[in-house]
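Novice: I have a structure I would like to understand better, so I am pasting it below and will then ask my questions one at a time.
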Amino acid sequence: MSALPKPTPNGAPLPVCPGAASAPLTISIQDLTVRFGEVLAVDRVSLDLAEGEFVSIVGPSGCGKTTILNLLTGLVPLQDGRITMLGKAPFVGNPDVAYMLARDCLLPWRSALDNASYGMEVRGVDARERRARAADLLARVGLKGFQDKYPKHLSQGMRQRCALSS
Ligand SMILES: Nc1ncnc2c1ncn2[C@@H]1O[C@H](COP(=O)(O)OP(=O)(O)OP(=O)(O)O)[C@@H](O)[C@H]1O
Ligand SMILES: [Mg+2]
């Protein structure tokens with residue numbers, strides 16, 4: 001992906017959420033460049049995001065969108081350029097970052113409830129509490145009644161919502 005084009009075709013500023021313009025920057029990307037061997041995946045991209053902004057990165061397949069997100073989450077190490085998120089460099093496991101992958105990574109041998117509670121299990125949350133919290137999260141994404149189903153019993157959209165809960 002090369003440096004981002006003007007935000008709108010006529011150059012008008014993008015609409016932002018109320019208050020976003022005056023909000024502090026939460027994500028700052030400067031001159032981000034990523035190479036995978038011969039492939040220049042991201043070419044000097046700069047982007048500043050303020051609190052409350054809702055931003056979509058749009059571009060042709062293979063232009064570097066996922067690579068940028070992988071850099072923001074720390075899954076791919078920084079090569080060239082600078083990224084700060086709430087003043088810190090990206091790192092894996094940042095509790096301020098939630099990342100929804102295009103393909104879910106549900107564990108097929110665990111029920112929807114056990115998938116939704118997996119992260120809490122890893123963090124050592126008490127079993128009763130994590131079951132209650134996972135059940136609440138599943139209900140909030142319309143999966144009440146599917147807690148005991150396994151991923152193979154869920155539609156793709158249901159799987160994505162289950163992954164969102166985890
Ligand atoms: N781990 C990797 N190793 C080698 N090349 C990679 C790797 N990840 C991405 N690439 C390459 O970097 C470029 C950008 O890939 P990326 O996945 O960021 O594109 P994308 O914009 O998300 O595409 P899509 O819209 O298809 O999801 C592609 O040419 C891809 O082949
Ligand atoms: Mg992608």
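Lettering and numbering for the structure tokens are positional, with chains as A, B, ... in the shown order, residues counted from 1 in each chain, and ligands counted from 1 in the shown order.
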Just want the residues within 8 Å of ligand 1, written as a list of chain:residue names, counting only C-alpha atoms and all ligand atoms.
Specialist: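 The neighbouring residues of ligand 1 are, in order, A:Met1, A:Arg35, A:Phe36, A:Gly37, A:Val39, A:Leu40, A:Ala41, A:Val42, A:Gly59, A:Pro60, A:Ser61, A:Gly62, A:Cys63, A:Gly64, A:Lys65, A:Thr66, A:Thr67, A:Ile68.
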Novice: Which polymer residues have any atom within 8 Å of an atom of range 85-102 of chain A, counting only C-alpha atoms, with same-chain residues fewer than 6 positions away left out, as a PyMOL selection string?
Specialist: chain A and resi 25-28+71-75+163-164
Novice: At what distance in Å, to one decimal, does CA of Val76 in chain A lie from CA of Arg123 in chain A?
Specialist: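 CA of Val76 in chain A lies 22.9 Å from CA of Arg123 in chain A.
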Novice: Determine, counting only C-alpha atoms, which protein, DNA and RNA residues have an atom within 8 Å of an atom of Gln147 in chain A; residues of the same chain fewer than 5 positions away are not included. Present the result as a list in words.
Specialist: Ser111, Ala112, Leu113, Ala135 and Leu138 of chain A
